>>> print(open('protein.cif').read())   # mmCIF, C-alpha atoms
data_start
#
loop_
_atom_site.label_atom_id
_atom_site.label_comp_id
_atom_site.auth_asym_id
_atom_site.auth_seq_id
_atom_site.Cartn_x
_atom_site.Cartn_y
_atom_site.Cartn_z
CA MET B 222 60.75 101.04 146.73
CA ALA B 223 57.07 100.80 147.16
CA ARG B 224 55.56 104.09 146.33
CA LYS B 225 51.95 104.48 146.90
CA ASN B 226 49.35 107.11 146.22
CA ARG B 227 51.09 108.53 143.21
CA PRO B 228 48.87 111.24 141.79
CA THR B 229 47.59 110.32 138.38
CA ALA B 230 49.22 112.38 135.64
CA GLU B 231 46.29 113.35 133.47
CA ILE B 232 45.79 116.29 131.22
CA PRO B 233 42.26 117.54 131.35
CA ASN B 234 40.90 117.10 127.86
CA GLY B 235 37.40 118.32 128.34
CA SER B 236 38.08 121.60 126.61
CA MET B 237 40.00 120.06 123.74
CA ALA B 238 36.90 120.13 121.55
CA ASP B 239 36.43 123.82 122.31
CA ILE B 240 39.96 124.66 121.25
CA ALA B 241 39.58 122.65 118.09
CA PHE B 242 36.28 124.38 117.40
CA LEU B 243 37.91 127.73 117.73
CA LEU B 244 40.59 126.83 115.22
CA LEU B 245 38.00 125.28 112.95
CA ILE B 246 35.93 128.44 112.93
CA PHE B 247 39.01 130.51 112.15
CA PHE B 248 39.83 128.42 109.10
CA LEU B 249 36.21 128.27 108.03
CA VAL B 250 36.10 132.03 107.96
CA THR B 251 39.39 132.54 106.16
CA THR B 252 38.82 129.85 103.52
CA THR B 253 38.00 131.07 100.07
CA ILE B 254 37.48 128.04 97.95
CA ALA B 255 39.11 128.89 94.64
CA ASN B 256 36.57 129.54 91.94
CA ASP B 257 38.72 129.88 88.92
CA LYS B 258 36.41 129.42 86.06
CA GLY B 259 36.08 131.34 82.91
CA ILE B 260 35.86 131.40 79.15
CA ALA B 261 39.04 129.96 77.71
CA MET B 262 40.48 131.47 74.58
CA LEU B 263 43.57 131.03 72.50
CA LEU B 264 45.05 134.23 71.12
CA PRO B 265 46.46 134.21 67.60
CA PRO B 266 50.26 134.14 67.35
CA LYS B 267 51.94 137.49 67.03
CA PRO B 268 52.09 138.78 63.49
CA ASP B 269 55.35 138.26 61.66
CA PRO B 270 56.60 141.69 60.53
CA ASN B 271 58.31 140.15 57.48
CA GLN B 272 55.12 138.69 56.14
CA PRO B 273 52.10 140.64 55.01
CA PRO B 274 48.87 139.76 56.83
CA PRO B 275 47.18 136.80 55.15
CA GLU B 276 44.50 137.57 52.65
CA VAL B 277 41.00 136.52 53.54
CA THR B 278 40.19 133.85 50.99
CA LYS B 279 37.09 132.58 52.68
CA ASN B 280 33.77 132.90 51.05
CA ASP B 281 31.74 135.66 52.61
CA ARG B 282 28.89 133.34 53.52
CA ASN B 283 31.29 131.20 55.54
CA ILE B 284 32.00 134.05 57.91
CA PHE B 285 29.46 134.96 60.54
CA LYS B 286 30.19 138.56 61.37
CA ILE B 287 29.42 140.08 64.73
CA LEU B 288 30.27 143.72 65.32
CA ALA B 289 29.87 145.64 68.55
CA ASN B 290 30.17 149.39 68.73
CA SER B 291 31.03 151.71 71.59
CA GLN B 292 27.36 152.14 72.50
CA ASP B 293 27.12 148.38 73.05
CA LYS B 294 24.94 147.95 69.97
CA LEU B 295 25.37 144.80 67.95
CA LEU B 296 25.50 144.38 64.21
CA VAL B 297 25.14 140.75 63.25
CA GLU B 298 25.46 139.73 59.61
CA ASP B 299 24.93 143.39 58.65
CA GLU B 300 21.69 143.68 60.59
CA PRO B 301 21.24 145.25 64.01
CA LEU B 302 20.43 142.87 66.83
CA SER B 303 19.00 144.05 70.12
CA ASP B 304 18.95 140.83 72.14
CA VAL B 305 22.33 139.23 72.63
CA PHE B 306 20.72 135.94 73.67
CA GLU B 307 19.39 135.37 70.15
CA LEU B 308 22.95 134.87 69.01
CA ARG B 309 23.14 131.32 70.32
CA GLU B 310 20.43 130.05 68.00
CA MET B 311 21.71 132.09 65.07
CA VAL B 312 25.25 130.80 65.41
CA LYS B 313 24.03 127.25 65.82
CA SER B 314 22.01 127.39 62.62
CA PHE B 315 24.98 129.04 60.93
CA ILE B 316 27.35 126.20 61.87
CA LEU B 317 24.92 123.45 60.97
CA ASN B 318 23.83 125.01 57.72
CA PHE B 319 25.50 122.60 55.24
CA GLY B 320 24.71 124.93 52.33
CA SER B 321 27.00 123.20 49.87
CA PRO B 322 29.17 120.81 51.89
CA GLY B 323 32.53 119.65 50.64
CA GLU B 324 33.73 116.07 50.90
CA GLU B 325 34.54 116.39 54.59
CA GLY B 326 31.30 118.23 55.17
CA VAL B 327 29.25 115.39 53.70
CA GLU B 328 31.07 112.96 55.96
CA ILE B 329 30.25 115.03 59.02
CA TYR B 330 26.67 115.45 57.91
CA ASN B 331 26.24 111.69 57.59
CA SER B 332 27.68 111.16 61.06
CA LEU B 333 25.14 113.47 62.70
CA PRO B 334 22.16 112.09 64.61
CA SER B 335 18.88 112.35 62.71
CA SER B 336 17.50 115.11 64.95
CA MET B 337 20.37 117.36 63.90
CA LYS B 338 19.95 116.52 60.23
CA ALA B 339 16.31 117.50 60.50
CA TYR B 340 17.31 120.69 62.31
CA SER B 341 19.86 121.48 59.64
CA SER B 342 17.44 121.14 56.74
CA SER B 343 14.73 123.10 58.55
CA VAL B 344 16.94 126.17 59.06
CA ARG B 345 18.98 126.06 55.85
CA ARG B 346 19.76 129.43 54.33
CA SER B 347 21.72 130.29 51.24
CA ASP B 348 23.73 133.01 52.97
CA TYR B 349 25.01 130.79 55.80
CA SER B 350 28.01 128.48 55.88
CA ASP B 351 28.82 125.73 53.38
CA ASP B 352 29.71 123.24 56.09
CA PRO B 353 31.08 123.27 59.67
CA THR B 354 34.70 122.83 58.60
CA GLU B 355 34.50 126.11 56.70
CA ALA B 356 32.39 128.11 59.13
CA VAL B 357 34.09 130.88 61.08
CA VAL B 358 32.53 133.18 63.61
CA SER B 359 34.19 136.56 63.53
CA PHE B 360 33.70 138.98 66.39
CA LYS B 361 34.94 142.51 66.34
CA ALA B 362 34.53 144.85 69.26
CA ASP B 363 35.23 148.53 69.48
CA ARG B 364 37.60 149.95 72.07
CA GLY B 365 34.60 151.48 73.75
CA THR B 366 32.56 148.28 73.92
CA SER B 367 31.92 147.22 77.47
CA TYR B 368 33.69 144.11 78.68
CA GLU B 369 30.37 142.77 79.91
CA LEU B 370 28.92 142.68 76.41
CA TYR B 371 32.13 141.21 75.04
CA VAL B 372 31.96 138.31 77.46
CA GLN B 373 28.25 137.82 76.80
CA VAL B 374 28.80 137.55 73.06
CA LEU B 375 31.70 135.14 73.50
CA ASP B 376 29.57 133.16 75.90
CA GLN B 377 26.72 132.89 73.40
CA VAL B 378 29.01 131.81 70.58
CA ASN B 379 30.68 129.24 72.80
CA ALA B 380 27.25 128.05 73.92
CA ALA B 381 26.26 127.49 70.29
CA TYR B 382 29.36 125.41 69.67
CA ASN B 383 28.87 123.44 72.86
CA ASP B 384 25.26 122.80 71.86
CA VAL B 385 26.46 121.35 68.58
CA TYR B 386 29.19 119.27 70.21
CA GLY B 387 26.89 118.00 72.93
CA GLU B 388 24.07 117.14 70.59
CA ARG B 389 26.36 115.09 68.40
CA VAL B 390 26.97 112.66 71.23
CA GLY B 391 23.53 113.01 72.75
CA ILE B 392 24.24 115.21 75.76
CA SER B 393 23.49 118.81 76.63
CA ALA B 394 25.93 121.69 76.33
CA ALA B 395 26.37 121.78 80.11
CA GLU B 396 27.14 118.07 80.22
CA PHE B 397 29.62 118.48 77.39
CA LEU B 398 31.50 121.06 79.43
CA GLN B 399 31.60 118.70 82.39
CA LEU B 400 33.35 115.95 80.42
CA ASP B 401 36.53 114.95 82.21
CA ARG B 402 39.26 114.42 79.66
CA ASP B 403 41.41 112.41 82.04
CA ASP B 404 38.84 109.65 81.97
CA PRO B 405 39.37 107.59 78.79
CA VAL B 406 35.67 106.88 78.28
CA GLN B 407 34.71 110.53 78.58
CA ASP B 408 37.69 111.65 76.54
CA LYS B 409 36.55 109.41 73.71
CA LYS B 410 33.15 111.06 73.84
CA TYR B 411 34.81 114.47 73.82
CA GLN B 412 36.92 113.57 70.80
CA ALA B 413 33.88 112.21 68.98
CA ALA B 414 31.97 115.41 69.66
CA ARG B 415 34.79 117.66 68.54
CA GLN B 416 35.87 115.61 65.52
CA GLY B 417 35.72 117.58 62.29
CA ILE B 418 34.03 120.68 63.69
CA PRO B 419 36.61 123.24 64.79
CA ARG B 420 35.64 125.89 67.29
CA ALA B 421 36.49 128.66 64.91
CA ILE B 422 36.01 131.92 66.74
CA SER B 423 38.04 134.78 65.42
CA ILE B 424 38.49 137.87 67.55
CA ALA B 425 39.43 140.82 65.42
CA GLU B 426 41.56 143.61 66.82
CA PRO B 427 39.37 146.50 67.88
CA ASN B 428 39.35 149.74 65.97
CA LYS B 429 41.75 152.34 67.19
CA ILE B 430 39.17 155.08 67.35
CA ALA B 431 36.81 155.27 70.28
CA LYS B 432 34.23 157.94 70.84
CA MET I 212 -1.04 102.99 125.08
CA ALA I 213 1.09 100.93 127.31
CA LYS I 214 3.60 100.81 124.56
CA PHE I 215 4.45 104.44 125.01
CA GLY I 216 4.47 104.44 128.72
CA LYS I 217 7.25 101.94 128.96
CA LYS I 218 10.41 103.22 130.44
CA SER I 219 13.59 101.76 129.16
CA ASN I 220 16.69 101.41 131.20
CA THR I 221 19.05 102.34 128.42
CA SER I 222 21.20 105.30 129.22
CA GLN I 223 20.56 108.24 126.95
CA ASP I 224 24.02 109.75 126.89
CA ILE I 225 25.59 110.32 123.53
CA PRO I 226 29.23 109.35 123.74
CA THR I 227 31.24 112.50 123.20
CA ALA I 228 34.68 111.04 123.55
CA ALA I 229 35.21 111.02 119.78
CA LEU I 230 33.98 114.56 119.33
CA PRO I 231 37.41 116.20 119.42
CA ASP I 232 38.61 113.74 116.81
CA ILE I 233 35.77 114.64 114.49
CA ILE I 234 36.38 118.33 114.97
CA PHE I 235 40.08 117.84 114.36
CA MET I 236 39.32 116.06 111.12
CA LEU I 237 37.22 118.98 109.93
CA LEU I 238 39.91 121.34 111.11
CA PHE I 239 42.59 119.58 109.11
CA PHE I 240 40.40 119.60 106.05
CA PHE I 241 39.97 123.35 106.18
CA MET I 242 43.60 123.93 107.08
CA VAL I 243 44.67 122.03 103.99
CA THR I 244 42.22 123.65 101.61
CA THR I 245 42.75 127.19 102.82
CA VAL I 246 44.79 129.36 100.55
CA LEU I 247 45.68 132.57 102.24
CA ARG I 248 45.40 135.37 99.78
CA GLU I 249 48.81 136.46 98.59
CA THR I 250 47.93 139.67 96.84
CA ASP I 251 45.83 142.61 97.84
CA ILE I 252 43.54 143.42 94.99
CA LEU I 253 43.60 147.14 94.42
CA VAL I 254 40.96 147.31 91.72
CA LYS I 255 37.24 146.74 91.70
CA GLN I 256 36.39 143.19 90.80
CA MET I 257 32.86 142.56 89.70
CA LEU I 258 33.38 139.67 87.34
CA PRO I 259 31.01 139.22 84.41
CA LYS I 260 28.46 136.44 84.39
CA ALA I 261 28.64 133.69 81.80
CA ALA I 262 27.26 130.20 81.40
CA GLN I 263 29.78 128.30 79.30
CA LEU I 264 32.70 128.15 81.68
CA SER I 265 35.59 125.79 81.66
CA LYS I 266 37.74 125.02 84.64
CA LEU I 267 41.42 125.68 84.92
CA GLU I 268 43.31 122.45 84.74
CA ARG I 269 46.66 123.21 86.33
CA LYS I 270 46.80 125.96 88.88
CA SER I 271 50.57 126.17 88.82
CA LEU I 272 50.48 127.33 85.21
CA VAL I 273 48.16 130.23 85.89
CA SER I 274 49.05 133.88 86.41
CA TYR I 275 46.56 136.57 87.10
CA ILE I 276 46.05 140.00 85.64
CA TYR I 277 43.50 142.24 87.31
CA ILE I 278 41.87 145.07 85.43
CA GLY I 279 39.38 147.55 86.79
CA GLU I 280 38.74 150.90 88.36
CA PRO I 281 41.05 151.45 91.34
CA LYS I 282 39.37 151.06 94.70
CA GLN I 283 41.13 154.15 95.98
CA SER I 284 39.94 156.32 93.15
CA SER I 285 40.87 159.49 95.05
CA ILE I 286 44.55 158.57 94.69
CA PHE I 287 44.71 156.62 91.45
CA GLY I 288 41.87 158.16 89.47
CA LYS I 289 38.79 156.58 87.99
CA GLU I 290 40.24 155.16 84.81
CA PRO I 291 40.62 151.35 84.78
CA LYS I 292 44.13 150.21 85.62
CA ILE I 293 46.05 146.99 85.26
CA GLN I 294 47.30 145.24 88.36
CA VAL I 295 49.71 142.35 88.51
CA ASN I 296 50.99 140.91 91.76
CA ASP I 297 50.69 143.82 94.18
CA VAL I 298 51.27 146.78 91.94
CA PHE I 299 49.74 148.73 89.12
CA VAL I 300 51.57 148.41 85.84
CA GLU I 301 51.39 150.13 82.50
CA VAL I 302 50.49 148.21 79.38
CA ASP I 303 54.07 147.98 78.13
CA GLU I 304 55.27 146.36 81.36
CA ILE I 305 53.14 143.29 80.82
CA VAL I 306 55.65 141.53 78.62
CA GLN I 307 58.17 141.78 81.41
CA PHE I 308 55.66 140.42 83.91
CA VAL I 309 54.83 137.48 81.67
CA ASN I 310 58.51 136.66 81.26
CA GLN I 311 58.98 136.76 85.03
CA GLU I 312 56.08 134.38 85.46
CA LYS I 313 57.43 132.10 82.77
CA ASP I 314 60.79 131.96 84.50
CA LYS I 315 59.10 130.42 87.51
CA LEU I 316 57.95 127.45 85.45
CA ASN I 317 59.80 124.48 84.06
CA GLU I 318 61.37 124.81 80.64
CA ALA I 319 58.87 122.38 79.16
CA GLU I 320 55.81 124.08 80.60
CA ARG I 321 56.60 127.66 79.65
CA ASP I 322 54.47 127.67 76.54
CA GLN I 323 51.49 126.38 78.44
CA ILE I 324 51.27 129.36 80.73
CA THR I 325 47.69 130.53 81.10
CA MET I 326 46.83 134.11 81.87
CA SER I 327 43.64 134.55 83.81
CA LEU I 328 42.17 137.95 83.06
CA LYS I 329 40.08 139.16 85.95
CA VAL I 330 38.36 142.14 84.48
CA ASP I 331 35.72 144.29 86.09
CA VAL I 332 32.45 144.46 84.16
CA GLU I 333 32.61 148.22 83.94
CA SER I 334 35.86 148.23 82.02
CA LYS I 335 35.94 148.93 78.34
CA MET I 336 37.42 146.66 75.70
CA GLY I 337 40.19 149.13 74.85
CA ILE I 338 42.36 148.31 77.83
CA VAL I 339 41.58 144.60 77.58
CA SER I 340 42.61 144.43 73.95
CA ASP I 341 45.79 146.38 74.70
CA VAL I 342 46.65 143.71 77.27
CA GLN I 343 45.84 140.99 74.78
CA GLN I 344 48.15 142.51 72.20
CA GLU I 345 50.94 142.50 74.78
CA LEU I 346 50.22 138.90 75.68
CA ARG I 347 50.51 137.95 72.02
CA GLU I 348 53.80 139.80 71.96
CA ALA I 349 54.97 137.85 75.02
CA ASN I 350 53.76 134.59 73.50
CA ALA I 351 51.38 133.80 76.34
CA ARG I 352 48.47 132.93 74.15
CA LYS I 353 46.29 130.86 76.44
CA ILE I 354 43.96 133.19 78.24
CA LEU I 355 40.92 132.81 80.39
CA TYR I 356 38.27 135.46 80.84
CA SER I 357 37.51 134.80 84.47
CA SER I 358 33.78 134.94 85.08
CA VAL I 359 31.06 133.88 87.43
CA GLN I 360 28.68 131.06 86.61
CA SER I 361 25.27 132.42 85.72
CA ILE I 362 22.28 130.36 86.67
CA ASP I 363 20.55 129.91 83.34
CA ILE I 364 22.25 127.37 81.15
#
>>> encode(input="protein.cif", output="structure tokens")
Amino acid sequence: MARKNRPTAEIPNGSMADIAFLLLIFFLVTTTIANDKGIAMLLPPKPDPNQPPPEVTKNDRNIFKILANSQDKLLVEDEPLSDVFELREMVKSFILNFGSPGEEGVEIYNSLPSSMKAYSSSVRRSDYSDDPTEAVVSFKADRGTSYELYVQVLDQVNAAYNDVYGERVGISAAEFLQLDRDDPVQDKKYQAARQGIPRAISIAEPNKIAK
Amino acid sequence: MAKFGKKSNTSQDIPTAALPDIIFMLLFFFMVTTVLRETDILVKQMLPKAAQLSKLERKSLVSYIYIGEPKQSSIFGKEPKIQVNDVFVEVDEIVQFVNQEKDKLNEAERDQITMSLKVDVESKMGIVSDVQQELREANARKILYSSVQSIDI
């Protein structure tokens, strides 16, 4: 049974890399790496028809009012504002105003780093919020307001809050957003930053009339 | 200069035997990460730019609503329309859509459903707020205004 000169059974694999390359290029081209990022919001629960809408009992100075009309003009605290990017600083000084803080407010004030205390006393105004627990930013857009402006305003208000949160634990707003809440160390930092200061952004229903 | 003139006897071939393996590895990576698009987007989608973005945590909990001017404006007109899945819907059909999406999830996760609103920058707030009212009605309160990261932070 001696068989000699059996031809070697070999598959030529020189072009294997080429085939793989071809496939690779196909998947490279078709891949769209998901970029699902955005501004997160929580809508208010649907109104109960049996109950009248709650009365606004908040002090007027505790509400930071932003209005946008159908021409994309802004009215902030009853004064027109042309540059939307000024909002960030305004909202920040509104939150950290500590005009006449309550018990909780004093506690938060004492927990702030000294740079923020100095900031707070340098910008204090009598017509801004009593303390961060009371402060609410109210934003009302018209039906004709462009979505672009709407997102920009929300972005600025969120930026102001993130500035405050970040500064409390000594990081920037961008770093605060990057905090990974699955990591216990970072989650602790997140909790410390958020503690006591709610992100109170109220989106009012737009007016029914658009021109 | 003798140093440079020296000829070495080492062979200068790069071993290419492992090349297919490396390519295959890359290939598998892209095969796994690729998500073939399920829906054809029928509306214009220029997302707004914003800086303070947060990431979506669980993709399985997310449903998408597209709003914008139809791409085929000769057929569908120029007014912004709402698209879910592959079709245009009217505002009052959104509740039904949300309930369908909720049915796909576990009982425990239904309240955590997140609606990602992909809205074209040229849309007006009227249609967006109509959608929001419907989402409140459907008790899908977590929403995300999908936007693109702007450079200045």
>>> resolve_selection(input="protein.cif", expression="the PyMOL selection byres ((chain I) within 7 of (chain B))", output="NGL selection string")
:I and (230-231 or 234-235 or 238 or 241-242 or 245-246 or 259 or 261-267 or 332-337 or 347-348 or 352-358)
>>> atom_distance(input="protein.cif", atom1="atom CA of Gly417 of chain B", atom2="atom CA of Leu308 of chain B")
22.5 Å
>>> resolve_selection(input="protein.cif", expression="the PyMOL selection byres ((chain B and resi 323) around 10)", output="PDB file with C-alpha atoms, keeping the file's coordinate frame")
ATOM      1  CA  PHE B 319      25.500 122.600  55.240  1.00  0.00           C
ATOM      2  CA  GLY B 320      24.710 124.930  52.330  1.00  0.00           C
ATOM      3  CA  SER B 321      27.000 123.200  49.870  1.00  0.00           C
ATOM      4  CA  PRO B 322      29.170 120.810  51.890  1.00  0.00           C
ATOM      5  CA  GLU B 324      33.730 116.070  50.900  1.00  0.00           C
ATOM      6  CA  GLU B 325      34.540 116.390  54.590  1.00  0.00           C
ATOM      7  CA  GLY B 326      31.300 118.230  55.170  1.00  0.00           C
ATOM      8  CA  VAL B 327      29.250 115.390  53.700  1.00  0.00           C
ATOM      9  CA  GLU B 328      31.070 112.960  55.960  1.00  0.00           C
ATOM     10  CA  ILE B 329      30.250 115.030  59.020  1.00  0.00           C
ATOM     11  CA  ASP B 351      28.820 125.730  53.380  1.00  0.00           C
ATOM     12  CA  ASP B 352      29.710 123.240  56.090  1.00  0.00           C
ATOM     13  CA  PRO B 353      31.080 123.270  59.670  1.00  0.00           C
ATOM     14  CA  THR B 354      34.700 122.830  58.600  1.00  0.00           C
ATOM     15  CA  GLU B 355      34.500 126.110  56.700  1.00  0.00           C
TER      16      GLU B 355
END
>>> closest_residue(input="protein.cif", among="B:Ser423, B:Thr278, B:Asn283, B:Asn226", to="Tyr349 of chain B", atoms="only C-alpha atoms")
B:Asn283
>>> atom_distance(input="protein.cif", atom1="atom CA of Val305 of chain B", atom2="atom CA of Ser336 of chain B")
25.8 Å
>>> atom_distance(input="protein.cif", atom1="atom CA of Phe306 of chain B", atom2="atom CA of Ala421 of chain B")
19.5 Å
>>> closest_residue(input="protein.cif", among="I:Asp224, I:Lys292, I:Val243, I:Phe287", to="Asp331 of chain I", atoms="all atoms listed in the file")
I:Lys292
>>> decode(input="protein.cif", residues="segment 305-317 of chain I", atoms="N, CA and C atoms", output="PDB file, in the first residue's frame")
ATOM      1  N   ILE I 305     -49.561  59.521  17.623  1.00  0.00           N
ATOM      2  CA  ILE I 305     -48.322  59.287  18.360  1.00  0.00           C
ATOM      3  C   ILE I 305     -48.546  58.424  19.592  1.00  0.00           C
ATOM      4  N   VAL I 306     -49.687  58.643  20.245  1.00  0.00           N
ATOM      5  CA  VAL I 306     -49.979  57.854  21.438  1.00  0.00           C
ATOM      6  C   VAL I 306     -49.962  56.364  21.097  1.00  0.00           C
ATOM      7  N   GLN I 307     -50.572  56.065  19.965  1.00  0.00           N
ATOM      8  CA  GLN I 307     -50.619  54.677  19.516  1.00  0.00           C
ATOM      9  C   GLN I 307     -49.208  54.139  19.261  1.00  0.00           C
ATOM     10  N   PHE I 308     -48.396  54.960  18.624  1.00  0.00           N
ATOM     11  CA  PHE I 308     -47.020  54.553  18.347  1.00  0.00           C
ATOM     12  C   PHE I 308     -46.256  54.282  19.638  1.00  0.00           C
ATOM     13  N   VAL I 309     -46.421  55.192  20.613  1.00  0.00           N
ATOM     14  CA  VAL I 309     -45.718  55.018  21.879  1.00  0.00           C
ATOM     15  C   VAL I 309     -46.151  53.722  22.549  1.00  0.00           C
ATOM     16  N   ASN I 310     -47.454  53.444  22.507  1.00  0.00           N
ATOM     17  CA  ASN I 310     -47.930  52.219  23.140  1.00  0.00           C
ATOM     18  C   ASN I 310     -47.388  50.980  22.441  1.00  0.00           C
ATOM     19  N   GLN I 311     -47.278  51.040  21.123  1.00  0.00           N
ATOM     20  CA  GLN I 311     -46.666  49.924  20.392  1.00  0.00           C
ATOM     21  C   GLN I 311     -45.229  49.716  20.833  1.00  0.00           C
ATOM     22  N   GLU I 312     -44.498  50.827  20.959  1.00  0.00           N
ATOM     23  CA  GLU I 312     -43.102  50.726  21.363  1.00  0.00           C
ATOM     24  C   GLU I 312     -42.987  50.200  22.790  1.00  0.00           C
ATOM     25  N   LYS I 313     -43.920  50.616  23.626  1.00  0.00           N
ATOM     26  CA  LYS I 313     -43.882  50.156  25.016  1.00  0.00           C
ATOM     27  C   LYS I 313     -44.149  48.663  25.098  1.00  0.00           C
ATOM     28  N   ASP I 314     -45.007  48.176  24.208  1.00  0.00           N
ATOM     29  CA  ASP I 314     -45.332  46.750  24.230  1.00  0.00           C
ATOM     30  C   ASP I 314     -44.121  45.882  23.920  1.00  0.00           C
ATOM     31  N   LYS I 315     -43.149  46.469  23.233  1.00  0.00           N
ATOM     32  CA  LYS I 315     -41.959  45.686  22.900  1.00  0.00           C
ATOM     33  C   LYS I 315     -41.047  45.505  24.104  1.00  0.00           C
ATOM     34  N   LEU I 316     -41.246  46.310  25.120  1.00  0.00           N
ATOM     35  CA  LEU I 316     -40.344  46.277  26.279  1.00  0.00           C
ATOM     36  C   LEU I 316     -40.906  45.386  27.373  1.00  0.00           C
ATOM     37  N   ASN I 317     -40.037  45.102  28.332  1.00  0.00           N
ATOM     38  CA  ASN I 317     -40.491  44.358  29.512  1.00  0.00           C
ATOM     39  C   ASN I 317     -41.471  45.198  30.312  1.00  0.00           C
TER      40      ASN I 317
END
